[in-house]
>>> print(open('work-v2.pdb').read())   # PDB, C-alpha atoms
ATOM      1  CA  MET Y   1      13.779-134.397 -46.461  1.00  0.00           C
ATOM      2  CA  THR Y   2      12.197-131.789 -48.718  1.00  0.00           C
ATOM      3  CA  THR Y   3       8.699-130.457 -48.861  1.00  0.00           C
ATOM      4  CA  THR Y   4       6.895-131.192 -52.098  1.00  0.00           C
ATOM      5  CA  GLU Y   5       4.177-129.107 -53.623  1.00  0.00           C
ATOM      6  CA  ALA Y   6       1.733-131.922 -52.898  1.00  0.00           C
ATOM      7  CA  ASP Y   7       2.509-131.608 -49.178  1.00  0.00           C
ATOM      8  CA  GLN Y   8       1.733-127.896 -49.085  1.00  0.00           C
ATOM      9  CA  VAL Y   9      -1.749-126.792 -48.115  1.00  0.00           C
ATOM     10  CA  THR Y  10      -3.380-124.281 -50.415  1.00  0.00           C
ATOM     11  CA  PRO Y  11      -6.415-122.182 -49.540  1.00  0.00           C
ATOM     12  CA  GLU Y  12      -8.449-124.155 -52.084  1.00  0.00           C
ATOM     13  CA  ALA Y  13      -7.519-127.445 -50.401  1.00  0.00           C
ATOM     14  CA  VAL Y  14      -8.770-126.415 -46.982  1.00  0.00           C
ATOM     15  CA  GLU Y  15     -12.442-127.011 -46.381  1.00  0.00           C
ATOM     16  CA  PRO Y  16     -14.098-124.618 -43.951  1.00  0.00           C
ATOM     17  CA  THR Y  17     -15.043-126.195 -40.636  1.00  0.00           C
ATOM     18  CA  VAL Y  18     -18.163-124.069 -40.412  1.00  0.00           C
ATOM     19  CA  ALA Y  19     -20.340-123.052 -43.334  1.00  0.00           C
ATOM     20  CA  PRO Y  20     -20.663-119.291 -43.716  1.00  0.00           C
ATOM     21  CA  ALA Y  21     -23.848-118.030 -42.090  1.00  0.00           C
ATOM     22  CA  ASP Y  22     -26.444-116.178 -44.100  1.00  0.00           C
ATOM     23  CA  HIS Y  23     -26.283-112.575 -42.910  1.00  0.00           C
ATOM     24  CA  ASP Y  24     -28.673-109.809 -43.796  1.00  0.00           C
ATOM     25  CA  HIS Y  25     -26.071-107.169 -44.649  1.00  0.00           C
ATOM     26  CA  ASP Y  26     -22.884-106.979 -46.680  1.00  0.00           C
ATOM     27  CA  VAL Y  27     -20.854-104.768 -44.345  1.00  0.00           C
ATOM     28  CA  HIS Y  28     -19.266-106.677 -41.481  1.00  0.00           C
ATOM     29  CA  GLY Y  29     -17.615-105.356 -38.334  1.00  0.00           C
ATOM     30  CA  TYR Y  30     -14.101-105.790 -39.743  1.00  0.00           C
ATOM     31  CA  HIS Y  31     -14.897-103.847 -42.938  1.00  0.00           C
ATOM     32  CA  LYS Y  32     -13.277-100.574 -41.819  1.00  0.00           C
ATOM     33  CA  GLN Y  33     -10.003-102.355 -41.034  1.00  0.00           C
ATOM     34  CA  LYS Y  34     -10.079-104.871 -43.866  1.00  0.00           C
ATOM     35  CA  ASP Y  35      -6.762-103.753 -45.375  1.00  0.00           C
ATOM     36  CA  GLU Y  36      -5.047-103.913 -41.974  1.00  0.00           C
ATOM     37  CA  HIS Y  37      -6.467-107.382 -41.367  1.00  0.00           C
ATOM     38  CA  LEU Y  38      -5.312-108.623 -44.753  1.00  0.00           C
ATOM     39  CA  LYS Y  39      -1.826-107.243 -44.085  1.00  0.00           C
ATOM     40  CA  ARG Y  40      -1.774-109.010 -40.732  1.00  0.00           C
ATOM     41  CA  LEU Y  41      -2.930-112.299 -42.278  1.00  0.00           C
ATOM     42  CA  ARG Y  42      -0.244-112.057 -44.961  1.00  0.00           C
ATOM     43  CA  ARG Y  43       2.336-111.627 -42.198  1.00  0.00           C
ATOM     44  CA  ILE Y  44       0.993-114.745 -40.464  1.00  0.00           C
ATOM     45  CA  GLU Y  45       1.058-116.590 -43.776  1.00  0.00           C
ATOM     46  CA  GLY Y  46       4.729-115.638 -44.060  1.00  0.00           C
ATOM     47  CA  GLN Y  47       5.338-117.071 -40.596  1.00  0.00           C
ATOM     48  CA  ILE Y  48       3.741-120.356 -41.662  1.00  0.00           C
ATOM     49  CA  ARG Y  49       5.846-120.478 -44.822  1.00  0.00           C
ATOM     50  CA  GLY Y  50       8.859-119.846 -42.610  1.00  0.00           C
ATOM     51  CA  LEU Y  51       7.890-122.883 -40.560  1.00  0.00           C
ATOM     52  CA  GLN Y  52       7.762-124.995 -43.717  1.00  0.00           C
ATOM     53  CA  ARG Y  53      11.191-123.709 -44.682  1.00  0.00           C
ATOM     54  CA  MET Y  54      12.574-124.471 -41.216  1.00  0.00           C
ATOM     55  CA  VAL Y  55      11.362-128.071 -41.404  1.00  0.00           C
ATOM     56  CA  ASP Y  56      12.705-128.390 -44.942  1.00  0.00           C
ATOM     57  CA  GLU Y  57      16.114-127.138 -43.745  1.00  0.00           C
ATOM     58  CA  ASP Y  58      16.144-129.479 -40.718  1.00  0.00           C
ATOM     59  CA  VAL Y  59      16.239-126.661 -38.167  1.00  0.00           C
ATOM     60  CA  TYR Y  60      16.464-127.608 -34.470  1.00  0.00           C
ATOM     61  CA  CYS Y  61      13.078-128.728 -33.026  1.00  0.00           C
ATOM     62  CA  ILE Y  62      12.944-126.144 -30.234  1.00  0.00           C
ATOM     63  CA  ASP Y  63      13.575-123.303 -32.678  1.00  0.00           C
ATOM     64  CA  ILE Y  64      10.670-124.521 -34.801  1.00  0.00           C
ATOM     65  CA  LEU Y  65       8.426-124.825 -31.738  1.00  0.00           C
ATOM     66  CA  THR Y  66       9.287-121.247 -30.790  1.00  0.00           C
ATOM     67  CA  GLN Y  67       8.085-120.100 -34.196  1.00  0.00           C
ATOM     68  CA  VAL Y  68       4.962-122.276 -33.943  1.00  0.00           C
ATOM     69  CA  SER Y  69       4.162-120.531 -30.668  1.00  0.00           C
ATOM     70  CA  ALA Y  70       4.643-117.104 -32.257  1.00  0.00           C
ATOM     71  CA  SER Y  71       2.394-118.033 -35.186  1.00  0.00           C
ATOM     72  CA  THR Y  72      -0.272-119.399 -32.854  1.00  0.00           C
ATOM     73  CA  LYS Y  73      -0.219-116.223 -30.765  1.00  0.00           C
ATOM     74  CA  ALA Y  74      -0.506-114.105 -33.910  1.00  0.00           C
ATOM     75  CA  LEU Y  75      -3.601-116.040 -35.022  1.00  0.00           C
ATOM     76  CA  GLN Y  76      -5.129-115.835 -31.549  1.00  0.00           C
ATOM     77  CA  SER Y  77      -4.557-112.096 -31.467  1.00  0.00           C
ATOM     78  CA  PHE Y  78      -6.188-111.730 -34.885  1.00  0.00           C
ATOM     79  CA  ALA Y  79      -9.157-113.814 -33.743  1.00  0.00           C
ATOM     80  CA  LEU Y  80      -9.644-111.657 -30.639  1.00  0.00           C
ATOM     81  CA  GLN Y  81      -9.580-108.479 -32.709  1.00  0.00           C
ATOM     82  CA  LEU Y  82     -12.142-109.935 -35.107  1.00  0.00           C
ATOM     83  CA  LEU Y  83     -14.334-111.034 -32.200  1.00  0.00           C
ATOM     84  CA  GLU Y  84     -14.196-107.565 -30.676  1.00  0.00           C
ATOM     85  CA  GLU Y  85     -15.230-106.019 -33.985  1.00  0.00           C
ATOM     86  CA  HIS Y  86     -18.066-108.553 -34.278  1.00  0.00           C
ATOM     87  CA  LEU Y  87     -19.334-107.640 -30.826  1.00  0.00           C
ATOM     88  CA  ARG Y  88     -19.065-103.899 -31.450  1.00  0.00           C
ATOM     89  CA  HIS Y  89     -20.731-104.044 -34.861  1.00  0.00           C
ATOM     90  CA  CYS Y  90     -22.887-107.113 -35.443  1.00  0.00           C
ATOM     91  CA  VAL Y  91     -24.030-107.818 -31.880  1.00  0.00           C
ATOM     92  CA  ALA Y  92     -24.537-104.127 -31.086  1.00  0.00           C
ATOM     93  CA  ASP Y  93     -26.573-103.715 -34.294  1.00  0.00           C
ATOM     94  CA  ALA Y  94     -28.728-106.707 -33.342  1.00  0.00           C
ATOM     95  CA  ALA Y  95     -29.230-105.230 -29.859  1.00  0.00           C
ATOM     96  CA  LEU Y  96     -30.605-102.063 -31.412  1.00  0.00           C
ATOM     97  CA  LYS Y  97     -33.021-104.087 -33.533  1.00  0.00           C
ATOM     98  CA  GLY Y  98     -34.069-106.211 -30.568  1.00  0.00           C
ATOM     99  CA  GLY Y  99     -36.252-109.279 -30.786  1.00  0.00           C
ATOM    100  CA  ASP Y 100     -34.931-112.703 -31.710  1.00  0.00           C
ATOM    101  CA  GLU Y 101     -31.962-111.283 -33.605  1.00  0.00           C
ATOM    102  CA  ILE Y 102     -30.085-110.264 -30.448  1.00  0.00           C
ATOM    103  CA  GLU Y 103     -30.558-113.724 -28.955  1.00  0.00           C
ATOM    104  CA  ALA Y 104     -29.210-115.317 -32.129  1.00  0.00           C
ATOM    105  CA  LYS Y 105     -26.172-112.997 -32.251  1.00  0.00           C
ATOM    106  CA  VAL Y 106     -25.321-113.546 -28.584  1.00  0.00           C
ATOM    107  CA  GLU Y 107     -25.587-117.311 -29.045  1.00  0.00           C
ATOM    108  CA  GLU Y 108     -23.440-117.096 -32.188  1.00  0.00           C
ATOM    109  CA  ALA Y 109     -20.777-115.039 -30.367  1.00  0.00           C
ATOM    110  CA  THR Y 110     -20.853-117.388 -27.366  1.00  0.00           C
ATOM    111  CA  LYS Y 111     -20.236-120.389 -29.623  1.00  0.00           C
ATOM    112  CA  ALA Y 112     -17.380-118.555 -31.344  1.00  0.00           C
ATOM    113  CA  ILE Y 113     -15.787-117.786 -27.984  1.00  0.00           C
ATOM    114  CA  ALA Y 114     -16.176-121.440 -26.939  1.00  0.00           C
ATOM    115  CA  ARG Y 115     -14.415-122.554 -30.146  1.00  0.00           C
ATOM    116  CA  MET Y 116     -11.584-120.121 -29.481  1.00  0.00           C
ATOM    117  CA  MET Y 117     -11.173-121.387 -25.936  1.00  0.00           C
ATOM    118  CA  ARG Y 118     -10.811-124.993 -27.127  1.00  0.00           C
ATOM    119  CA  THR Y 119      -7.699-124.143 -29.110  1.00  0.00           C
TER     120      THR Y 119
END
>>> encode(input="work-v2.pdb", output="structure tokens")
Amino acid sequence: MTTTEADQVTPEAVEPTVAPADHDHDVHGYHKQKDEHLKRLRRIEGQIRGLQRMVDEDVYCIDILTQVSASTKALQSFALQLLEEHLRHCVADAALKGGDEIEAKVEEATKAIARMMRT
């Protein structure tokens, strides 16, 4: 069985599960490490393409599952790094400003952590 182009998921074909929030500044917590993050995401993308290739080549199930686990761990690690940067930058900035903004940022971070724990 071969993988067709129609079966492949492209970034344009994936709808975001959460609409981007309206934020009051253009610089986000990950900005300083943006290039490193992009490099890491490209590596993960390569792992996913490798999974497609493994299925296409009828590789043994357990070998594929091992790679799925590695890809999942890589995404989880990326998510944790991004969360840490969000807490250090966005939440800390809101704490300095005080008022309702800190409550909103803490609630936002709590919901993000809850989503991560469900996966």
>>> resolve_selection(input="work-v2.pdb", expression="the PyMOL selection byres ((chain Y and resi 78) around 12)", output="CSV table (one decimal) with C-alpha atoms, keeping the file's coordinate frame")
chain,number,residue,atom,x,y,z
Y,30,TYR,CA,-14.1,-105.8,-39.7
Y,33,GLN,CA,-10.0,-102.4,-41.0
Y,34,LYS,CA,-10.1,-104.9,-43.9
Y,36,GLU,CA,-5.0,-103.9,-42.0
Y,37,HIS,CA,-6.5,-107.4,-41.4
Y,38,LEU,CA,-5.3,-108.6,-44.8
Y,39,LYS,CA,-1.8,-107.2,-44.1
Y,40,ARG,CA,-1.8,-109.0,-40.7
Y,41,LEU,CA,-2.9,-112.3,-42.3
Y,42,ARG,CA,-0.2,-112.1,-45.0
Y,43,ARG,CA,2.3,-111.6,-42.2
Y,44,ILE,CA,1.0,-114.7,-40.5
Y,71,SER,CA,2.4,-118.0,-35.2
Y,72,THR,CA,-0.3,-119.4,-32.9
Y,73,LYS,CA,-0.2,-116.2,-30.8
Y,74,ALA,CA,-0.5,-114.1,-33.9
Y,75,LEU,CA,-3.6,-116.0,-35.0
Y,76,GLN,CA,-5.1,-115.8,-31.5
Y,77,SER,CA,-4.6,-112.1,-31.5
Y,79,ALA,CA,-9.2,-113.8,-33.7
Y,80,LEU,CA,-9.6,-111.7,-30.6
Y,81,GLN,CA,-9.6,-108.5,-32.7
Y,82,LEU,CA,-12.1,-109.9,-35.1
Y,83,LEU,CA,-14.3,-111.0,-32.2
Y,84,GLU,CA,-14.2,-107.6,-30.7
Y,85,GLU,CA,-15.2,-106.0,-34.0
Y,116,MET,CA,-11.6,-120.1,-29.5
>>> axis_aligned_box(input="work-v2.pdb", around="segment 32-50 of chain Y", padding_each_side="4 Å", output="AutoDock Vina command-line options")
--center_x -2.2 --center_y -110.5 --center_z -42.9 --size_x 30.1 --size_y 27.9 --size_z 12.9
>>> atom_distance(input="work-v2.pdb", atom1="atom CA of Glu107 of chain Y", atom2="atom CA of Asp35 of chain Y")
28.4 Å
>>> atom_distance(input="work-v2.pdb", atom1="atom CA of Glu45 of chain Y", atom2="atom CA of Asp58 of chain Y")
20.1 Å
>>> atom_distance(input="work-v2.pdb", atom1="atom CA of Leu65 of chain Y", atom2="atom CA of Arg115 of chain Y")
23.0 Å
>>> resolve_selection(input="work-v2.pdb", expression="the PyMOL selection byres ((chain Y and resi 105) around 10)", output="PyMOL selection string")
chain Y and resi 86-87+90-95+100-104+106-111
>>> closest_residue(input="work-v2.pdb", among="Y:Ala70, Y:His89, Y:Ile64, Y:Leu96", to="Lys32 of chain Y", atoms="all atoms listed in the file")
Y:His89
